[in-house]
>>> print(open('query-v9.pdb').read())   # PDB, C-alpha atoms
ATOM      1  CA  MET P   1     -34.214 -21.308  -9.726  1.00  0.00           C
ATOM      2  CA  ARG P   2     -35.553 -23.290 -12.657  1.00  0.00           C
ATOM      3  CA  ALA P   3     -38.992 -23.299 -11.013  1.00  0.00           C
ATOM      4  CA  ALA P   4     -39.054 -19.503 -11.157  1.00  0.00           C
ATOM      5  CA  ASP P   5     -38.451 -19.624 -14.919  1.00  0.00           C
ATOM      6  CA  CYS P   6     -40.859 -22.434 -15.785  1.00  0.00           C
ATOM      7  CA  CYS P   7     -43.900 -20.281 -16.361  1.00  0.00           C
ATOM      8  CA  PRO P   8     -44.287 -17.458 -18.843  1.00  0.00           C
ATOM      9  CA  ALA P   9     -46.136 -15.484 -16.150  1.00  0.00           C
ATOM     10  CA  ASP P  10     -44.035 -13.691 -13.556  1.00  0.00           C
ATOM     11  CA  CYS P  11     -44.314 -13.942  -9.778  1.00  0.00           C
ATOM     12  CA  THR P  12     -47.348 -12.454  -8.083  1.00  0.00           C
ATOM     13  CA  ASN P  13     -46.746  -9.470  -5.800  1.00  0.00           C
ATOM     14  CA  ALA P  14     -50.335  -8.485  -5.204  1.00  0.00           C
ATOM     15  CA  VAL P  15     -53.665  -9.835  -6.337  1.00  0.00           C
ATOM     16  CA  GLU P  16     -53.301 -10.397 -10.073  1.00  0.00           C
ATOM     17  CA  GLN P  17     -50.400  -7.961 -10.359  1.00  0.00           C
ATOM     18  CA  ARG P  18     -47.471  -9.738 -11.948  1.00  0.00           C
ATOM     19  CA  SER P  19     -43.928  -8.461 -12.381  1.00  0.00           C
ATOM     20  CA  PRO P  20     -40.480  -9.994 -12.815  1.00  0.00           C
ATOM     21  CA  TRP P  21     -38.992  -8.147  -9.813  1.00  0.00           C
ATOM     22  CA  ARG P  22     -39.560 -10.877  -7.253  1.00  0.00           C
ATOM     23  CA  ARG P  23     -37.920 -13.466  -9.483  1.00  0.00           C
ATOM     24  CA  TRP P  24     -34.968 -11.137 -10.203  1.00  0.00           C
ATOM     25  CA  PHE P  25     -34.428 -10.446  -6.502  1.00  0.00           C
ATOM     26  CA  HIS P  26     -34.518 -14.187  -5.805  1.00  0.00           C
ATOM     27  CA  HIS P  27     -31.885 -14.632  -8.524  1.00  0.00           C
ATOM     28  CA  CYS P  28     -29.693 -11.915  -6.966  1.00  0.00           C
ATOM     29  CA  THR P  29     -29.958 -13.631  -3.592  1.00  0.00           C
ATOM     30  CA  SER P  30     -29.245 -17.137  -4.921  1.00  0.00           C
ATOM     31  CA  TYR P  31     -26.376 -16.205  -7.203  1.00  0.00           C
ATOM     32  CA  GLY P  32     -24.955 -13.886  -4.568  1.00  0.00           C
ATOM     33  CA  PHE P  33     -24.886 -16.766  -2.110  1.00  0.00           C
ATOM     34  CA  LEU P  34     -23.271 -19.068  -4.685  1.00  0.00           C
ATOM     35  CA  LEU P  35     -20.595 -16.486  -5.526  1.00  0.00           C
ATOM     36  CA  CYS P  36     -19.819 -16.000  -1.828  1.00  0.00           C
ATOM     37  CA  PHE P  37     -19.536 -19.766  -1.443  1.00  0.00           C
ATOM     38  CA  ALA P  38     -17.218 -19.907  -4.470  1.00  0.00           C
ATOM     39  CA  SER P  39     -15.137 -17.096  -2.966  1.00  0.00           C
ATOM     40  CA  THR P  40     -14.779 -18.987   0.305  1.00  0.00           C
ATOM     41  CA  SER P  41     -13.869 -22.182  -1.552  1.00  0.00           C
ATOM     42  CA  VAL P  42     -11.173 -20.469  -3.620  1.00  0.00           C
ATOM     43  CA  ALA P  43      -9.781 -18.800  -0.489  1.00  0.00           C
ATOM     44  CA  ALA P  44      -9.659 -22.204   1.226  1.00  0.00           C
ATOM     45  CA  VAL P  45      -7.640 -23.619  -1.696  1.00  0.00           C
ATOM     46  CA  TYR P  46      -5.330 -20.600  -1.610  1.00  0.00           C
ATOM     47  CA  HIS P  47      -4.731 -21.137   2.092  1.00  0.00           C
ATOM     48  CA  ALA P  48      -4.621 -24.925   2.405  1.00  0.00           C
ATOM     49  CA  VAL P  49      -3.070 -25.922  -0.923  1.00  0.00           C
ATOM     50  CA  LEU P  50      -1.027 -22.943  -2.063  1.00  0.00           C
ATOM     51  CA  GLY P  51      -0.092 -21.675   1.392  1.00  0.00           C
ATOM     52  CA  TRP P  52      -1.171 -18.106   0.606  1.00  0.00           C
ATOM     53  CA  ARG P  53      -2.354 -16.245   3.700  1.00  0.00           C
ATOM     54  CA  ALA P  54      -5.179 -13.723   3.821  1.00  0.00           C
ATOM     55  CA  PRO P  55      -5.888 -10.880   3.354  1.00  0.00           C
ATOM     56  CA  TYR P  56      -5.808 -11.244  -0.404  1.00  0.00           C
ATOM     57  CA  ALA P  57      -5.435  -8.394  -2.895  1.00  0.00           C
ATOM     58  CA  TYR P  58      -8.581  -6.556  -3.955  1.00  0.00           C
ATOM     59  CA  SER P  59      -8.097  -7.902  -7.485  1.00  0.00           C
ATOM     60  CA  SER P  60      -7.758 -11.540  -6.378  1.00  0.00           C
ATOM     61  CA  VAL P  61     -10.364 -14.152  -7.289  1.00  0.00           C
ATOM     62  CA  PRO P  62     -11.740 -14.629  -3.751  1.00  0.00           C
ATOM     63  CA  VAL P  63     -12.179 -10.888  -3.188  1.00  0.00           C
ATOM     64  CA  VAL P  64     -13.780 -10.233  -6.575  1.00  0.00           C
ATOM     65  CA  LEU P  65     -16.168 -13.196  -6.252  1.00  0.00           C
ATOM     66  CA  GLY P  66     -17.000 -12.250  -2.674  1.00  0.00           C
ATOM     67  CA  THR P  67     -17.615  -8.612  -3.546  1.00  0.00           C
ATOM     68  CA  ILE P  68     -19.931  -9.396  -6.457  1.00  0.00           C
ATOM     69  CA  GLY P  69     -21.665 -12.066  -4.388  1.00  0.00           C
ATOM     70  CA  GLY P  70     -21.989  -9.725  -1.419  1.00  0.00           C
ATOM     71  CA  VAL P  71     -23.588  -7.030  -3.553  1.00  0.00           C
ATOM     72  CA  GLY P  72     -26.045  -9.576  -4.967  1.00  0.00           C
ATOM     73  CA  LEU P  73     -26.735 -10.887  -1.499  1.00  0.00           C
ATOM     74  CA  ALA P  74     -27.447  -7.334  -0.317  1.00  0.00           C
ATOM     75  CA  VAL P  75     -29.579  -6.217  -3.270  1.00  0.00           C
ATOM     76  CA  GLY P  76     -31.685  -9.389  -3.404  1.00  0.00           C
ATOM     77  CA  PRO P  77     -32.928  -9.420   0.196  1.00  0.00           C
ATOM     78  CA  LEU P  78     -33.489  -5.640   0.231  1.00  0.00           C
ATOM     79  CA  GLY P  79     -35.630  -5.928  -2.893  1.00  0.00           C
ATOM     80  CA  LEU P  80     -37.525  -8.919  -1.543  1.00  0.00           C
ATOM     81  CA  LEU P  81     -38.189  -7.099   1.716  1.00  0.00           C
ATOM     82  CA  ALA P  82     -39.450  -4.026  -0.149  1.00  0.00           C
ATOM     83  CA  LEU P  83     -41.749  -6.157  -2.317  1.00  0.00           C
ATOM     84  CA  ARG P  84     -42.955  -8.042   0.743  1.00  0.00           C
ATOM     85  CA  ARG P  85     -43.978  -4.785   2.453  1.00  0.00           C
ATOM     86  CA  ARG P  86     -46.157  -3.833  -0.542  1.00  0.00           C
ATOM     87  CA  ARG P  87     -47.584  -7.311  -1.056  1.00  0.00           C
ATOM     88  CA  ASP P  88     -51.151  -8.334  -0.267  1.00  0.00           C
ATOM     89  CA  PRO P  89     -51.037 -10.053   3.169  1.00  0.00           C
ATOM     90  CA  ALA P  90     -53.573 -12.631   1.991  1.00  0.00           C
ATOM     91  CA  LEU P  91     -50.911 -14.127  -0.293  1.00  0.00           C
ATOM     92  CA  GLY P  92     -48.759 -15.273   2.640  1.00  0.00           C
ATOM     93  CA  ASP P  93     -49.076 -17.237   5.850  1.00  0.00           C
ATOM     94  CA  PRO P  94     -49.313 -14.792   8.784  1.00  0.00           C
ATOM     95  CA  SER P  95     -47.655 -17.285  11.137  1.00  0.00           C
ATOM     96  CA  GLN P  96     -44.539 -17.303   8.926  1.00  0.00           C
ATOM     97  CA  ARG P  97     -44.189 -13.509   8.641  1.00  0.00           C
ATOM     98  CA  GLY P  98     -41.733 -13.046  11.513  1.00  0.00           C
ATOM     99  CA  LEU P  99     -39.513 -15.915  10.421  1.00  0.00           C
ATOM    100  CA  ASP P 100     -39.545 -14.861   6.775  1.00  0.00           C
ATOM    101  CA  GLU P 101     -38.689 -11.250   7.463  1.00  0.00           C
ATOM    102  CA  SER P 102     -36.029 -12.053  10.058  1.00  0.00           C
ATOM    103  CA  PHE P 103     -34.341 -14.434   7.602  1.00  0.00           C
ATOM    104  CA  ILE P 104     -34.358 -11.782   4.869  1.00  0.00           C
ATOM    105  CA  VAL P 105     -32.919  -9.189   7.264  1.00  0.00           C
ATOM    106  CA  MET P 106     -30.275 -11.682   8.437  1.00  0.00           C
ATOM    107  CA  LEU P 107     -29.169 -12.310   4.841  1.00  0.00           C
ATOM    108  CA  PHE P 108     -28.899  -8.591   4.203  1.00  0.00           C
ATOM    109  CA  LEU P 109     -26.983  -7.870   7.419  1.00  0.00           C
ATOM    110  CA  THR P 110     -24.554 -10.706   6.756  1.00  0.00           C
ATOM    111  CA  SER P 111     -23.671  -9.364   3.322  1.00  0.00           C
ATOM    112  CA  ALA P 112     -23.642  -5.724   4.447  1.00  0.00           C
ATOM    113  CA  THR P 113     -21.226  -6.403   7.305  1.00  0.00           C
ATOM    114  CA  GLY P 114     -19.006  -8.439   4.990  1.00  0.00           C
ATOM    115  CA  LEU P 115     -18.859  -5.595   2.474  1.00  0.00           C
ATOM    116  CA  LEU P 116     -18.226  -3.109   5.286  1.00  0.00           C
ATOM    117  CA  LEU P 117     -15.381  -5.267   6.582  1.00  0.00           C
ATOM    118  CA  LEU P 118     -13.885  -5.371   3.093  1.00  0.00           C
ATOM    119  CA  ALA P 119     -14.154  -1.600   2.724  1.00  0.00           C
ATOM    120  CA  LEU P 120     -12.575  -0.915   6.129  1.00  0.00           C
ATOM    121  CA  ARG P 121      -9.959  -3.655   6.238  1.00  0.00           C
ATOM    122  CA  GLN P 122      -7.111  -1.408   5.115  1.00  0.00           C
ATOM    123  CA  HIS P 123      -7.926   1.126   7.821  1.00  0.00           C
ATOM    124  CA  PHE P 124      -7.880  -1.467  10.571  1.00  0.00           C
ATOM    125  CA  SER P 125      -4.793  -3.273   9.300  1.00  0.00           C
ATOM    126  CA  ASP P 126      -2.785  -0.023   9.352  1.00  0.00           C
ATOM    127  CA  THR P 127      -3.912   0.953  12.843  1.00  0.00           C
ATOM    128  CA  ASP P 128      -1.803  -0.079  15.816  1.00  0.00           C
ATOM    129  CA  TYR P 129      -4.049  -1.103  18.700  1.00  0.00           C
ATOM    130  CA  GLY P 130      -1.170  -2.145  20.926  1.00  0.00           C
ATOM    131  CA  LEU P 131      -1.834  -5.834  20.395  1.00  0.00           C
TER     132      LEU P 131
END
>>> encode(input="query-v9.pdb", output="structure tokens")
Amino acid sequence: MRAADCCPADCTNAVEQRSPWRRWFHHCTSYGFLLCFASTSVAAVYHAVLGWRAPYAYSSVPVVLGTIGGVGLAVGPLGLLALRRRRDPALGDPSQRGLDESFIVMLFLTSATGLLLLALRQHFSDTDYGL
């Protein structure tokens, strides 16, 4: 992310229209991913080293890191997708459009389903499905 901060000018969204939004959404995506990775790493230590089994409390380190990371990983791709829709098509490679947008959508859906699972986990853990 240092490359995004190297220049005093912000990222270009359209021809000669500069704003910091693209850089900020990239930061949300990157730091969200890193926080989710940190959450998974802490949960692995809890499980393998300390012998603590999931699900962890909402106030535990893995859940807090994962929640903040998941929000960042949802906000970042949504913002990038919105900026991409308003962007001048001449600034990008048309052959990459499908891959770029599908990757952004995949990042968003991954974080959204993770946050949904967190929000609904109590409901499903209390329900008896006869298993």
>>> axis_aligned_box(input="query-v9.pdb", around="stretch 67-75 of chain P", padding_each_side="8 Å", output="lines of an AutoDock Vina configuration file")
center_x = -23.6
center_y = -9.1
center_z = -3.4
size_x = 28.0
size_y = 21.8
size_z = 22.1
>>> resolve_selection(input="query-v9.pdb", expression="the PyMOL selection byres ((chain P and resi 66) around 12)", output="PyMOL selection string")
chain P and resi 31-43+56+58-65+67-74+111-112+114-115+117-118
>>> write_last_selection(input="query-v9.pdb", atoms="C-alpha atoms", output="PDB file, in the frame of the given file")
ATOM      1  CA  TYR P  31     -26.376 -16.205  -7.203  1.00  0.00           C
ATOM      2  CA  GLY P  32     -24.955 -13.886  -4.568  1.00  0.00           C
ATOM      3  CA  PHE P  33     -24.886 -16.766  -2.110  1.00  0.00           C
ATOM      4  CA  LEU P  34     -23.271 -19.068  -4.685  1.00  0.00           C
ATOM      5  CA  LEU P  35     -20.595 -16.486  -5.526  1.00  0.00           C
ATOM      6  CA  CYS P  36     -19.819 -16.000  -1.828  1.00  0.00           C
ATOM      7  CA  PHE P  37     -19.536 -19.766  -1.443  1.00  0.00           C
ATOM      8  CA  ALA P  38     -17.218 -19.907  -4.470  1.00  0.00           C
ATOM      9  CA  SER P  39     -15.137 -17.096  -2.966  1.00  0.00           C
ATOM     10  CA  THR P  40     -14.779 -18.987   0.305  1.00  0.00           C
ATOM     11  CA  SER P  41     -13.869 -22.182  -1.552  1.00  0.00           C
ATOM     12  CA  VAL P  42     -11.173 -20.469  -3.620  1.00  0.00           C
ATOM     13  CA  ALA P  43      -9.781 -18.800  -0.489  1.00  0.00           C
ATOM     14  CA  TYR P  56      -5.808 -11.244  -0.404  1.00  0.00           C
ATOM     15  CA  TYR P  58      -8.581  -6.556  -3.955  1.00  0.00           C
ATOM     16  CA  SER P  59      -8.097  -7.902  -7.485  1.00  0.00           C
ATOM     17  CA  SER P  60      -7.758 -11.540  -6.378  1.00  0.00           C
ATOM     18  CA  VAL P  61     -10.364 -14.152  -7.289  1.00  0.00           C
ATOM     19  CA  PRO P  62     -11.740 -14.629  -3.751  1.00  0.00           C
ATOM     20  CA  VAL P  63     -12.179 -10.888  -3.188  1.00  0.00           C
ATOM     21  CA  VAL P  64     -13.780 -10.233  -6.575  1.00  0.00           C
ATOM     22  CA  LEU P  65     -16.168 -13.196  -6.252  1.00  0.00           C
ATOM     23  CA  THR P  67     -17.615  -8.612  -3.546  1.00  0.00           C
ATOM     24  CA  ILE P  68     -19.931  -9.396  -6.457  1.00  0.00           C
ATOM     25  CA  GLY P  69     -21.665 -12.066  -4.388  1.00  0.00           C
ATOM     26  CA  GLY P  70     -21.989  -9.725  -1.419  1.00  0.00           C
ATOM     27  CA  VAL P  71     -23.588  -7.030  -3.553  1.00  0.00           C
ATOM     28  CA  GLY P  72     -26.045  -9.576  -4.967  1.00  0.00           C
ATOM     29  CA  LEU P  73     -26.735 -10.887  -1.499  1.00  0.00           C
ATOM     30  CA  ALA P  74     -27.447  -7.334  -0.317  1.00  0.00           C
ATOM     31  CA  SER P 111     -23.671  -9.364   3.322  1.00  0.00           C
ATOM     32  CA  ALA P 112     -23.642  -5.724   4.447  1.00  0.00           C
ATOM     33  CA  GLY P 114     -19.006  -8.439   4.990  1.00  0.00           C
ATOM     34  CA  LEU P 115     -18.859  -5.595   2.474  1.00  0.00           C
ATOM     35  CA  LEU P 117     -15.381  -5.267   6.582  1.00  0.00           C
ATOM     36  CA  LEU P 118     -13.885  -5.371   3.093  1.00  0.00           C
TER      37      LEU P 118
END
>>> atom_distance(input="query-v9.pdb", atom1="atom CA of P:Phe25", atom2="atom CA of P:Arg84")
11.4 Å
>>> atom_distance(input="query-v9.pdb", atom1="atom CA of P:Gly98", atom2="atom CA of P:Arg23")
21.3 Å
>>> residues_around(input="query-v9.pdb", residues="P:Val105", least_positions_apart="6", cutoff="9 Å", atoms="only C-alpha atoms", output="number ranges by chain")
P: 77-78, 81
>>> atom_distance(input="query-v9.pdb", atom1="atom CA of P:Gly92", atom2="atom CA of P:Cys28")
21.6 Å
>>> residues_near_point(input="query-v9.pdb", point="(-41.4, -7.7, -7.6)", cutoff="6 Å", atoms="all atoms listed in the file", output="JSON, numbers by chain")
{"P": [13, 19, 20, 21, 22, 83]}
